[in-house]
Structure formats: C-alpha cells, structure tokens
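J.: Dropping a structure here in structure tokens format, bear with me for questions.
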Amino acid sequence: AEEALSAYATDGASRLRLLANPSTTVQFLHKDLAPFLRTHTDCHIHLADGHSLDIPRRIHEGEADIGIYHAVYPAVGMKSALYRADRVCLVVPISHPLADRKDIALKEVIDETFLGYFPRHDMASFLELAGETIPHPPKVLSEIANYEARCRMVTQELGIAIIPEIIARNYLAMMHFAIIGLRDHWAERNMYVCVRDLSSASSQVRDLFSHLSTCAASSALKQ
C-alpha cells in the first residue's frame, strides 16, 4: 500500500521520481522537462541529485523511477538510452600564462593546483577514466561541489578547475576567468536516461523516458 501511495503526490497527481547528476540538471533538464510538463499536467516530478556512478544502482534498487547519468557505456541490467552529450573544459584565472590557449591536454597542466570535483566525482574513478592521458594524479587544494563557488575561487587565483563547458560559459558573463578546451577523449561525456524495467513502468515513466531519449536526436539536428 505504501509503494502504491508513493506514486502519487498529496493532491492526487501522479508522482514521478527523477534522479539526475548535477551537471545534467543545470545544463539540460530545465529546457527538456518544460515541454513534457506542459503536456502532462497531471504529473508531479520529484527531482533529486545523485552521482552518476550510483544512479544506475539506485534506479535498479527502486529508489527512483527514472535516472540520468554519464558514463562511457550504458549500465548493464536495465534499460538505458542516450539522452545528451556534453564536454568538460578547463577554467583558469584570466592572468594565467595559458589563458589565451584555445585548447590543451590535461597532462600539460597536471602540475598546477586544482579545485575539485572531477568527472566521476571521486579521484580514484577519475584516474581510472583518465588512464594514461595523465602521468600522475592532480594536486587538489580543495573539493568544491558547487560550480559557481568553484569558478569564483578560480577568479581569486586559488587554482584551476574542470567544469562542464556550458556551465562555465554561463558564469563567464559575471566573472573574469578564461575557458580552455580539453583535448582529452574523456572530456566528451555521454548522458544516459535509464529505468529498471520499461515494460512494467507506469505510462508516465514510459512517456518521460521516450521524451528524454528523443532529446539526443533533436540536439544533434540543431548542431
């Protein structure tokens, strides 16, 4: 009975639990959820943040109905579809000697002081992702999850940071820093939308999964 009631909000509308990694929430979901909610006025979406490495497991264990995560390959044991893609870039102080560079490989600045987080969030997972593209782990002054706070610390010349490019360019209008593209293959990330079992999911979950999985194709057509 509790599981059945949890599928509805207090006003009786169908409640859908969506779990997404923060970079997806900031960059894409506000645009992509808007048309869905306009045509599904009886649907109430509860959106929560999660780490990409944990989201497939949490969806499989029933903590949420649908998830969005970034990974090299789709997670096994569930239904996943490509959602969107993004790139991470390097954010450096405007006074940095390399501030005028258009792009760079991370290994060229690996001896600099960094402000975390990194793609995949924890250092061990990032080092596995980066592999032989860097000679040793970066030196991290501080771990800062909030994107705006990280950019502001870069402007104070406390270090350099890896940030999703769309987010960095949004902050560029209000802060003085430089953006340098990263040439490393792992800098481009695929976002996947997933559900535990599409055949047994509610019609609202199936509709949202279908809607989000079409965003990859529509985004490619606009480029």
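Ordering of the structure tokens sets the chain letters (A, B, ...); residue numbers start at 1 within each chain; ligands are numbered from 1 in the order shown.
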Applying 6 Å and only C-alpha atoms, which residues near segment 16-29 of chain A remain after dropping the ones on its own chain fewer than 5 positions away? List them as a list of chain:residue names.

T.: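 That gives A:Ile45, A:His46, A:Leu47, A:Ala48, A:Asp49, A:Gly50, A:His51, A:Ser52, A:Ala64, A:Asp65, A:Ile66, A:Gly67, A:Ile68, A:Tyr69.
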
J.: Show me, as a PyMOL selection string, the residues that have an atom within 12 Å of Ala201 of chain A when counting only C-alpha atoms, minus same-chain residues fewer than 5 positions from it.

T.: chain A and resi 7+16+62+64-66+79+194-196+206-209

J.: Which residues, written as JSON, numbers by chain, have at least one atom at most 6 Å from segment 148-157 of chain A, with only C-alpha atoms counted and residues fewer than 4 positions away on the same chain left out?

T.: {"A": [93, 144, 177]}

J.: What does the file look like for those residues with N, CA and C atoms, as a short mmCIF file (atom, residue, chain, number, x, y, z; two decimals), in the first residue's frame?

T.:
data_model
loop_
_atom_site.label_atom_id
_atom_site.label_comp_id
_atom_site.auth_asym_id
_atom_site.auth_seq_id
_atom_site.Cartn_x
_atom_site.Cartn_y
_atom_site.Cartn_z
N PRO A 93 42.37 31.30 -14.11
CA PRO A 93 42.33 32.76 -13.89
C PRO A 93 42.69 33.50 -15.18
N ILE A 144 35.26 21.20 -4.15
CA ILE A 144 34.14 22.14 -4.14
C ILE A 144 33.08 21.64 -5.11
N PHE A 177 37.34 35.01 -15.84
CA PHE A 177 38.23 33.85 -15.95
C PHE A 177 38.32 33.47 -17.41
#

J.: Near segment 162-176 of chain A, counting only C-alpha atoms, which residues have an atom at most 7 Å away, once you skip same-chain residues fewer than 6 positions from it, shown as a PDB file with N, CA, C and O atoms, in the first residue's frame?

T.:
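Generated output (around-v4.pdb):
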ATOM      1  N   GLN A  27      22.465  21.952 -16.827  1.00  0.00           N
ATOM      2  CA  GLN A  27      22.643  22.253 -18.248  1.00  0.00           C
ATOM      3  C   GLN A  27      21.398  22.001 -19.095  1.00  0.00           C
ATOM      4  O   GLN A  27      21.109  22.790 -20.012  1.00  0.00           O
ATOM      5  N   ARG A  87      30.649  18.465 -22.851  1.00  0.00           N
ATOM      6  CA  ARG A  87      32.106  18.458 -22.745  1.00  0.00           C
ATOM      7  C   ARG A  87      32.508  19.213 -21.489  1.00  0.00           C
ATOM      8  O   ARG A  87      31.864  20.197 -21.121  1.00  0.00           O
ATOM      9  N   VAL A  88      33.565  18.737 -20.844  1.00  0.00           N
ATOM     10  CA  VAL A  88      34.145  19.496 -19.745  1.00  0.00           C
ATOM     11  C   VAL A  88      35.335  20.283 -20.284  1.00  0.00           C
ATOM     12  O   VAL A  88      35.964  19.897 -21.270  1.00  0.00           O
ATOM     13  N   CYS A  89      35.616  21.405 -19.650  1.00  0.00           N
ATOM     14  CA  CYS A  89      36.703  22.284 -20.084  1.00  0.00           C
ATOM     15  C   CYS A  89      37.535  22.681 -18.874  1.00  0.00           C
ATOM     16  O   CYS A  89      37.191  22.364 -17.728  1.00  0.00           O
ATOM     17  N   LEU A  90      38.589  23.400 -19.130  1.00  0.00           N
ATOM     18  CA  LEU A  90      39.459  23.894 -18.072  1.00  0.00           C
ATOM     19  C   LEU A  90      39.150  25.369 -17.836  1.00  0.00           C
ATOM     20  O   LEU A  90      39.055  26.150 -18.782  1.00  0.00           O
ATOM     21  N   VAL A  91      38.951  25.724 -16.571  1.00  0.00           N
ATOM     22  CA  VAL A  91      38.702  27.115 -16.192  1.00  0.00           C
ATOM     23  C   VAL A  91      39.926  27.615 -15.425  1.00  0.00           C
ATOM     24  O   VAL A  91      40.333  27.007 -14.433  1.00  0.00           O
ATOM     25  N   ILE A  94      42.142  34.677 -15.327  1.00  0.00           N
ATOM     26  CA  ILE A  94      42.389  35.466 -16.531  1.00  0.00           C
ATOM     27  C   ILE A  94      43.869  35.824 -16.667  1.00  0.00           C
ATOM     28  O   ILE A  94      44.380  36.066 -17.766  1.00  0.00           O
ATOM     29  N   PHE A 118      35.996  16.388  -9.964  1.00  0.00           N
ATOM     30  CA  PHE A 118      36.419  15.958 -11.282  1.00  0.00           C
ATOM     31  C   PHE A 118      35.320  15.100 -11.913  1.00  0.00           C
ATOM     32  O   PHE A 118      34.431  14.621 -11.209  1.00  0.00           O
ATOM     33  N   THR A 155      38.663  32.645  -9.963  1.00  0.00           N
ATOM     34  CA  THR A 155      38.903  34.077 -10.195  1.00  0.00           C
ATOM     35  C   THR A 155      39.811  34.677  -9.127  1.00  0.00           C
ATOM     36  O   THR A 155      40.473  35.698  -9.377  1.00  0.00           O
TER      37      THR A 155
END

J.: Quick one: residues within 10 Å of Phe36 of chain A, only C-alpha atoms, excluding same-chain residues fewer than 4 positions away - as a PyMOL selection string?

T.: chain A and resi 31-32+40-41+43+207-208+211-212

J.: Looking only at the backbone, which of the residues in segment 104-217 of chain A does DSSP tag as strand (DSSP E or B), as a PyMOL selection string?

T.: chain A and resi 104+113-116+118+121+139-143+160-164+177-182+188-195

J.: Rounded to one decimal in Å, what is the spacing between atom CA of Gly131 of chain A and atom CA of Arg183 of chain A?

T.: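 Between these atoms lies a distance of 14.3 Å.
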
J.: So how many Å separate atom CA of Asp54 of chain A and atom CA of Gly181 of chain A, to one decimal?

T.: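 These two atoms are separated by 27.7 Å.
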
J.: Go through A:Lys107, A:Arg58, A:Arg84, A:His30 one by one, measure the shortest atom-to-atom distance of each to His70 of chain A using only C-alpha atoms, and give the residue with the smallest value.

T.: A:Arg84

J.: Please provide as number ranges by chain all residues within 12 Å of Gly77 of chain A, with the sequence filter that same-chain residues fewer than 2 positions apart are discarded (counting only C-alpha atoms).

T.: A: 56-57, 59-61, 74-75, 79-80, 194-198

J.: Output N, CA and C atoms of each residue in that selection to a file, as a short mmCIF file (atom, residue, chain, number, x, y, z; two decimals), in the first residue's frame.

T.:
data_model
loop_
_atom_site.label_atom_id
_atom_site.label_comp_id
_atom_site.auth_asym_id
_atom_site.auth_seq_id
_atom_site.Cartn_x
_atom_site.Cartn_y
_atom_site.Cartn_z
N PRO A 56 22.58 4.34 -11.58
CA PRO A 56 22.01 3.08 -12.08
C PRO A 56 21.66 2.09 -10.96
N ARG A 57 22.53 1.98 -9.97
CA ARG A 57 22.26 1.08 -8.85
C ARG A 57 21.00 1.52 -8.10
N ILE A 59 18.49 3.26 -9.20
CA ILE A 59 17.31 3.00 -10.02
C ILE A 59 16.96 1.52 -9.96
N HIS A 60 17.96 0.67 -10.05
CA HIS A 60 17.74 -0.79 -10.01
C HIS A 60 17.13 -1.21 -8.68
N GLU A 61 17.52 -0.52 -7.60
CA GLU A 61 17.00 -0.87 -6.28
C GLU A 61 15.68 -0.18 -5.95
N PRO A 74 26.56 2.39 -21.49
CA PRO A 74 25.34 2.26 -20.68
C PRO A 74 25.49 1.19 -19.60
N ALA A 75 24.84 1.40 -18.48
CA ALA A 75 24.88 0.44 -17.37
C ALA A 75 24.14 -0.84 -17.76
N LYS A 79 17.24 -0.78 -18.67
CA LYS A 79 17.01 -0.16 -19.96
C LYS A 79 17.60 1.24 -19.96
N SER A 80 18.57 1.50 -20.83
CA SER A 80 19.19 2.81 -20.95
C SER A 80 19.11 3.29 -22.40
N CYS A 194 17.78 6.14 -17.85
CA CYS A 194 17.58 4.72 -17.57
C CYS A 194 16.36 4.48 -16.70
N VAL A 195 15.79 3.29 -16.86
CA VAL A 195 14.74 2.79 -15.98
C VAL A 195 15.06 1.33 -15.68
N ARG A 196 14.49 0.81 -14.61
CA ARG A 196 14.78 -0.57 -14.24
C ARG A 196 14.15 -1.54 -15.23
N ASP A 197 12.88 -1.33 -15.54
CA ASP A 197 12.16 -2.21 -16.46
C ASP A 197 11.08 -1.41 -17.15
N LEU A 198 11.26 -1.13 -18.42
CA LEU A 198 10.33 -0.27 -19.14
C LEU A 198 8.96 -0.91 -19.30
#

J.: Choose the residue, out of A:Glu63, A:Asp122, A:Asp42, A:Glu112, that has the smallest atom-to-atom separation from His136 of chain A; count only C-alpha atoms.

T.: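 Looking only at the distances to His136 of chain A, the closest residue turns out to be A:Glu112.
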
J.: Neighbours of Asp184 of chain A within 9 Å (only C-alpha atoms; same-chain residues fewer than 3 positions away dropped), as an MDAnalysis selection string?

T.: chainID A and resid 104:106 130 133 187:188

J.: Generate the output file for the selected residues, C-alpha atoms, as a short mmCIF file (atom, residue, chain, number, x, y, z; two decimals), in the first residue's frame.

T.:
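Final file, result-v5.cif:
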data_model
loop_
_atom_site.label_atom_id
_atom_site.label_comp_id
_atom_site.auth_asym_id
_atom_site.auth_seq_id
_atom_site.Cartn_x
_atom_site.Cartn_y
_atom_site.Cartn_z
CA ILE A 104 45.03 21.92 -24.17
CA ALA A 105 45.64 18.38 -22.93
CA LEU A 106 45.28 17.94 -19.19
CA ALA A 130 41.80 9.42 -17.46
CA THR A 133 46.39 10.54 -20.52
CA ALA A 187 36.35 15.37 -21.87
CA GLU A 188 33.31 14.49 -24.01
#

J.: Residues of segment 83-204 of chain A classed as helix (DSSP H, G or I) by DSSP on the backbone are to be reported as a PyMOL selection string.

T.: chain A and resi 106-109+123-133+147-155+165-172+185-187+198-200+203-204

J.: Work out how far apart atom CA of Ile110 of chain A and atom CA of Met123 of chain A are and give it in Å to one decimal.

T.: 13.8 Å

J.: Using only C-alpha atoms, which residue out of A:Ser203, A:Thr214, A:His44, A:Ala161 lies closest to Ile180 of chain A?

T.: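 Of A:Ser203, A:Thr214, A:His44, A:Ala161, the one nearest Ile180 of chain A is A:Ala161, counting only C-alpha atoms.
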
J.: Looking at only C-alpha atoms, which of A:Ala178, A:Leu53, A:Leu98, A:Ala124 is the one that sits closest to Val72 of chain A?

T.: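 Ranked by minimum distance to Val72 of chain A, first place goes to A:Leu53.
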